[in-house]
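Structure file start.csv; described as CSV, C-alpha atoms.
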```csv
chain,number,residue,atom,x,y,z
A,1,SER,CA,8.2,-14.0,34.4
A,2,ARG,CA,9.0,-17.0,32.3
A,3,ILE,CA,9.6,-20.4,33.7
A,4,GLU,CA,13.2,-21.2,33.1
A,5,ALA,CA,14.9,-24.6,32.5
A,6,PRO,CA,16.3,-26.2,35.6
A,7,GLU,CA,20.1,-25.9,36.2
A,8,GLY,CA,21.9,-27.9,33.5
A,9,ALA,CA,18.7,-28.7,31.5
A,10,ALA,CA,17.8,-27.7,28.0
A,11,THR,CA,14.1,-26.6,28.5
A,12,PHE,CA,11.6,-25.7,31.2
A,13,PHE,CA,9.9,-29.0,30.4
A,14,ASP,CA,12.8,-30.7,32.2
A,15,HIS,CA,11.1,-29.7,35.5
A,16,GLN,CA,8.8,-32.7,34.6
A,17,PRO,CA,10.6,-35.0,32.2
A,18,ALA,CA,8.3,-38.0,32.7
A,19,LEU,CA,5.2,-35.9,32.0
A,20,PHE,CA,6.8,-34.3,29.0
A,21,ALA,CA,7.8,-37.6,27.6
A,22,ALA,CA,4.3,-38.9,28.0
A,23,PHE,CA,2.9,-35.8,26.3
A,24,ASN,CA,5.4,-36.1,23.4
A,25,ARG,CA,4.2,-39.7,22.9
A,26,PHE,CA,0.6,-38.7,22.8
A,27,TYR,CA,1.1,-35.6,20.7
A,28,GLY,CA,3.4,-37.4,18.3
A,29,THR,CA,0.8,-40.1,17.8
A,30,ILE,CA,-1.8,-37.5,17.0
A,31,TRP,CA,0.5,-36.1,14.2
A,32,SER,CA,2.0,-39.3,12.9
A,33,GLU,CA,-1.0,-41.7,13.0
A,34,GLY,CA,-4.7,-41.5,12.4
A,35,SER,CA,-7.0,-40.9,9.5
A,36,LEU,CA,-7.1,-37.1,9.2
A,37,ASP,CA,-4.8,-35.6,6.7
A,38,GLN,CA,-1.9,-33.5,8.1
A,39,PRO,CA,-2.9,-30.2,6.3
A,40,THR,CA,-6.3,-30.2,7.9
A,41,LYS,CA,-4.8,-30.9,11.3
A,42,GLU,CA,-2.4,-28.0,10.7
A,43,VAL,CA,-5.1,-25.7,9.7
A,44,GLY,CA,-6.9,-26.4,13.0
A,45,ARG,CA,-3.7,-25.9,15.0
A,46,LEU,CA,-2.8,-22.7,13.2
A,47,ARG,CA,-6.3,-21.3,13.7
A,48,ASN,CA,-5.8,-21.8,17.4
A,49,ALA,CA,-2.4,-20.2,17.4
A,50,ARG,CA,-3.8,-17.1,15.6
A,51,ILE,CA,-6.8,-16.8,18.0
A,52,THR,CA,-4.8,-17.3,21.2
A,53,ASP,CA,-1.7,-15.4,20.0
A,54,CYS,CA,0.4,-18.0,21.8
A,55,GLY,CA,3.6,-17.3,19.8
A,56,ASN,CA,3.4,-20.4,17.7
A,57,GLU,CA,1.9,-18.9,14.6
A,58,ASP,CA,5.2,-19.2,12.7
A,59,LEU,CA,5.7,-22.9,13.5
A,60,ARG,CA,4.9,-25.3,10.6
A,61,PHE,CA,4.7,-29.1,10.7
A,62,ALA,CA,6.6,-30.6,7.8
A,63,GLY,CA,4.0,-33.3,7.0
A,64,ALA,CA,1.4,-30.6,6.3
A,65,LYS,CA,3.7,-28.8,4.0
A,66,GLN,CA,4.7,-32.0,2.2
A,67,GLN,CA,1.0,-32.8,1.7
A,68,GLY,CA,0.3,-29.4,0.1
A,69,LEU,CA,-0.5,-26.8,2.7
A,70,SER,CA,1.3,-23.9,1.2
A,71,GLU,CA,2.2,-20.6,2.9
A,72,GLU,CA,-0.3,-18.9,0.5
A,73,LEU,CA,-3.0,-21.0,2.0
A,74,VAL,CA,-1.7,-20.5,5.6
A,75,GLU,CA,-2.0,-16.7,5.1
A,76,LEU,CA,-5.7,-17.1,4.5
A,77,ILE,CA,-6.4,-18.6,8.0
A,78,GLU,CA,-7.5,-15.2,9.2
A,79,PRO,CA,-10.7,-13.3,9.8
A,80,GLY,CA,-12.6,-13.3,6.5
A,81,PHE,CA,-11.4,-16.8,5.6
A,82,GLU,CA,-15.0,-17.7,4.5
A,83,GLY,CA,-14.6,-15.6,1.4
A,84,SER,CA,-11.0,-16.7,0.7
A,85,GLU,CA,-9.6,-19.3,-1.8
A,86,LEU,CA,-9.1,-21.8,1.0
A,87,PRO,CA,-10.6,-25.2,0.2
A,88,ASP,CA,-14.0,-25.8,1.7
A,89,ARG,CA,-12.6,-28.6,3.9
A,90,TYR,CA,-10.2,-26.2,5.5
A,91,LYS,CA,-12.9,-23.6,6.0
A,92,LEU,CA,-15.0,-26.2,7.7
A,93,ALA,CA,-12.1,-27.1,10.0
A,94,ILE,CA,-11.6,-23.5,10.9
A,95,ARG,CA,-15.3,-23.1,11.7
A,96,TRP,CA,-15.1,-26.2,14.0
A,97,ALA,CA,-11.9,-24.9,15.6
A,98,ASP,CA,-13.6,-21.5,16.3
A,99,VAL,CA,-16.4,-23.3,18.0
A,100,LEU,CA,-14.1,-25.5,20.1
A,101,ILE,CA,-11.9,-22.5,21.0
A,102,GLY,CA,-14.8,-20.3,21.8
A,103,ASP,CA,-17.9,-22.1,23.1
A,104,PRO,CA,-18.2,-25.8,22.2
A,105,SER,CA,-21.8,-25.8,23.2
A,106,SER,CA,-22.5,-23.2,20.4
A,107,ALA,CA,-22.0,-25.8,17.7
A,108,THR,CA,-25.1,-25.6,15.5
A,109,PRO,CA,-26.9,-28.6,14.0
A,110,GLU,CA,-25.9,-27.2,10.6
A,111,LEU,CA,-22.2,-27.2,11.5
A,112,ARG,CA,-22.4,-30.7,12.9
A,113,ALA,CA,-24.2,-31.9,9.7
A,114,ALA,CA,-21.5,-30.2,7.5
A,115,LEU,CA,-18.8,-31.9,9.5
A,116,ALA,CA,-20.5,-35.3,9.2
A,117,ALA,CA,-20.8,-34.8,5.4
A,118,GLU,CA,-17.1,-33.9,5.0
A,119,PHE,CA,-15.3,-35.9,7.7
A,120,THR,CA,-15.6,-39.4,9.1
A,121,GLU,CA,-16.4,-39.7,12.8
A,122,ALA,CA,-12.8,-40.7,13.4
A,123,GLU,CA,-11.6,-37.6,11.6
A,124,ILE,CA,-13.9,-35.4,13.6
A,125,VAL,CA,-12.5,-36.9,16.8
A,126,GLU,CA,-9.0,-36.4,15.6
A,127,LEU,CA,-9.6,-32.7,14.5
A,128,THR,CA,-11.2,-32.1,17.9
A,129,ILE,CA,-8.3,-33.5,19.8
A,130,VAL,CA,-5.8,-31.5,17.7
A,131,VAL,CA,-7.5,-28.2,18.2
A,132,THR,CA,-8.2,-28.7,21.9
A,133,MET,CA,-4.7,-30.0,22.6
A,134,ALA,CA,-3.3,-27.0,20.8
A,135,GLN,CA,-5.5,-24.7,22.8
A,136,ALA,CA,-4.4,-26.3,26.1
A,137,PHE,CA,-0.7,-26.1,25.1
A,138,SER,CA,-1.2,-22.4,24.0
A,139,LYS,CA,-2.8,-21.5,27.3
A,140,ALA,CA,0.1,-23.1,29.1
A,141,ALA,CA,2.7,-21.3,26.9
A,142,ILE,CA,1.0,-18.0,27.6
A,143,ALA,CA,0.9,-18.7,31.3
A,144,TRP,CA,4.6,-19.6,31.3
A,145,GLY,CA,5.4,-16.2,29.8
A,146,PRO,CA,6.8,-15.0,26.6
A,147,PRO,CA,10.2,-16.2,25.4
A,148,PRO,CA,13.1,-13.8,25.9
A,149,THR,CA,13.4,-11.3,23.1
```

So, in terms of structure tokens, how does the structure I just supplied come out?
Amino acid sequence: SRIEAPEGAATFFDHQPALFAAFNRFYGTIWSEGSLDQPTKEVGRLRNARITDCGNEDLRFAGAKQQGLSEELVELIEPGFEGSELPDRYKLAIRWADVLIGDPSSATPELRAALAAEFTEAEIVELTIVVTMAQAFSKAAIAWGPPPT
């Protein structure tokens, strides 16, 4: 069964308000600061949502849309993305997300070299944090149970 909000509270996060506030500061910083563009972050986050089937596939962050991540591009974050019209940068972000979500030790030297050629070290760190935080949050959301229908 799903974890419910405490009596008189708005969300189940109100069981741990201090932890949720700290998480929001951290997660907000990831999305509002840094060197990696928002569309690439969103591609990584959406790839995770699609793989884990966490229920957040329909959520879109406004900054990514404002910076050009269209719904037409979002639709291509699926199996077979390599042959799609997605920009190469997004394809590379998806490949990295797939490794992080699956088996991080499976990253090939070729993939690492491609990342280094396209992204700065700071951007690789940021993309890694976005994807792995999204995965952690997805796993928690799945564990908490599906929202009421």

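Between CA of Glu7 (chain A) and CA of Ser138 (chain A) the interatomic distance comes to 24.8 Å.
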
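Of note, CA of Leu127 (chain A) and CA of Ile101 (chain A) are spaced 12.3 Å apart.
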
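Take the candidates A:Asn48, A:Ser35, A:Thr40, A:Ser105 and check each one against Glu78 (chain A) using only C-alpha atoms; the shortest distance goes to A:Asn48.
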
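Considering the residues A:Cys54, A:Lys41, A:Ile77, A:Ala49 and counting only C-alpha atoms, Thr128 (chain A) has its shortest atom-to-atom contact with A:Lys41.
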
Within 6 Å of (-8.3, -25.7, 15.2), all atoms listed in the file: residues as a PDB file with C-alpha atoms, in the coordinates of the input?
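Result went into point_22.pdb, see below:
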```
ATOM      1  CA  GLY A  44      -6.900 -26.400  13.000  1.00  0.00           C
ATOM      2  CA  ARG A  45      -3.700 -25.900  15.000  1.00  0.00           C
ATOM      3  CA  ARG A  47      -6.300 -21.300  13.700  1.00  0.00           C
ATOM      4  CA  ASN A  48      -5.800 -21.800  17.400  1.00  0.00           C
ATOM      5  CA  ILE A  94     -11.600 -23.500  10.900  1.00  0.00           C
ATOM      6  CA  ALA A  97     -11.900 -24.900  15.600  1.00  0.00           C
ATOM      7  CA  VAL A 131      -7.500 -28.200  18.200  1.00  0.00           C
TER       8      VAL A 131
END
```

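Taking CA of Ala136 (chain A) and CA of Ala62 (chain A) as endpoints, the distance between them is 21.8 Å.
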
- Selection near Ala116 (chain A), 12 Å with all atoms listed in the file, sequence-local residues under 4 positions removed, as a PyMOL selection string: chain A and resi 89+92-93+96+109-112+120-125

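The nearest approach to Ala134 (chain A) among the residues A:Gly102, A:Thr52, A:Pro87, A:Phe119, with only C-alpha atoms taken into account, belongs to A:Thr52.
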
With 3 Å added on each side, what axis-aligned box encloses every listed atom of region 129-140 of chain A? Give the centre and edge lengths in Å to one decimal, as AutoDock Vina command-line options.
```
--center_x -4.1 --center_y -27.5 --center_z 23.4 --size_x 14.4 --size_y 18.0 --size_z 17.4
```

- Tell me which protein, DNA and RNA residues are within 10 Å of Gln66 (chain A), counting only C-alpha atoms, leaving out same-chain ones fewer than 4 positions away, and put them as a list in words. Gln38, Pro39, Phe61, Ala62 and Ser70 of chain A

Go ahead and write the selection's residues with C-alpha atoms as a compact mmCIF listing (two decimals), in the coordinates of the input.
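File produced: result.txt:
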```txt
# COMPACT_ATOMS: atom_id res chain seq x y z
CA GLN A 38 -1.90 -33.50 8.10
CA PRO A 39 -2.90 -30.20 6.30
CA PHE A 61 4.70 -29.10 10.70
CA ALA A 62 6.60 -30.60 7.80
CA SER A 70 1.30 -23.90 1.20
```

- region 9-15 of chain A environment, 12 Å, only C-alpha atoms, sequence neighbours closer than 3 positions dropped, as a ChimeraX atom specification: /A:2-6,18-24,140-141,144-145,147

- Message: At a cut-off of 12 Å, using all atoms listed in the file, what residues contact Ser84 (chain A)? Leave out same-chain residues fewer than 6 positions from it and give the result as an MDAnalysis selection string.
- Response: chainID A and resid 72:78 90:91

Would you export the selected residues with C-alpha atoms as a PDB file, in the frame of the given file, please?
```
ATOM      1  CA  GLU A  72      -0.300 -18.900   0.500  1.00  0.00           C
ATOM      2  CA  LEU A  73      -3.000 -21.000   2.000  1.00  0.00           C
ATOM      3  CA  VAL A  74      -1.700 -20.500   5.600  1.00  0.00           C
ATOM      4  CA  GLU A  75      -2.000 -16.700   5.100  1.00  0.00           C
ATOM      5  CA  LEU A  76      -5.700 -17.100   4.500  1.00  0.00           C
ATOM      6  CA  ILE A  77      -6.400 -18.600   8.000  1.00  0.00           C
ATOM      7  CA  GLU A  78      -7.500 -15.200   9.200  1.00  0.00           C
ATOM      8  CA  TYR A  90     -10.200 -26.200   5.500  1.00  0.00           C
ATOM      9  CA  LYS A  91     -12.900 -23.600   6.000  1.00  0.00           C
TER      10      LYS A  91
END
```

- Looking at all atoms listed in the file, which of A:Leu100, A:Ile30, A:Ile51, A:Leu46 is the one that sits closest to Thr132 (chain A)? A:Leu100

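Remark: for Arg95 (chain A), the closest of the candidate residues A:Phe137, A:Pro17, A:Leu115, A:Gly83 is A:Leu115 (distances computed over all atoms listed in the file).
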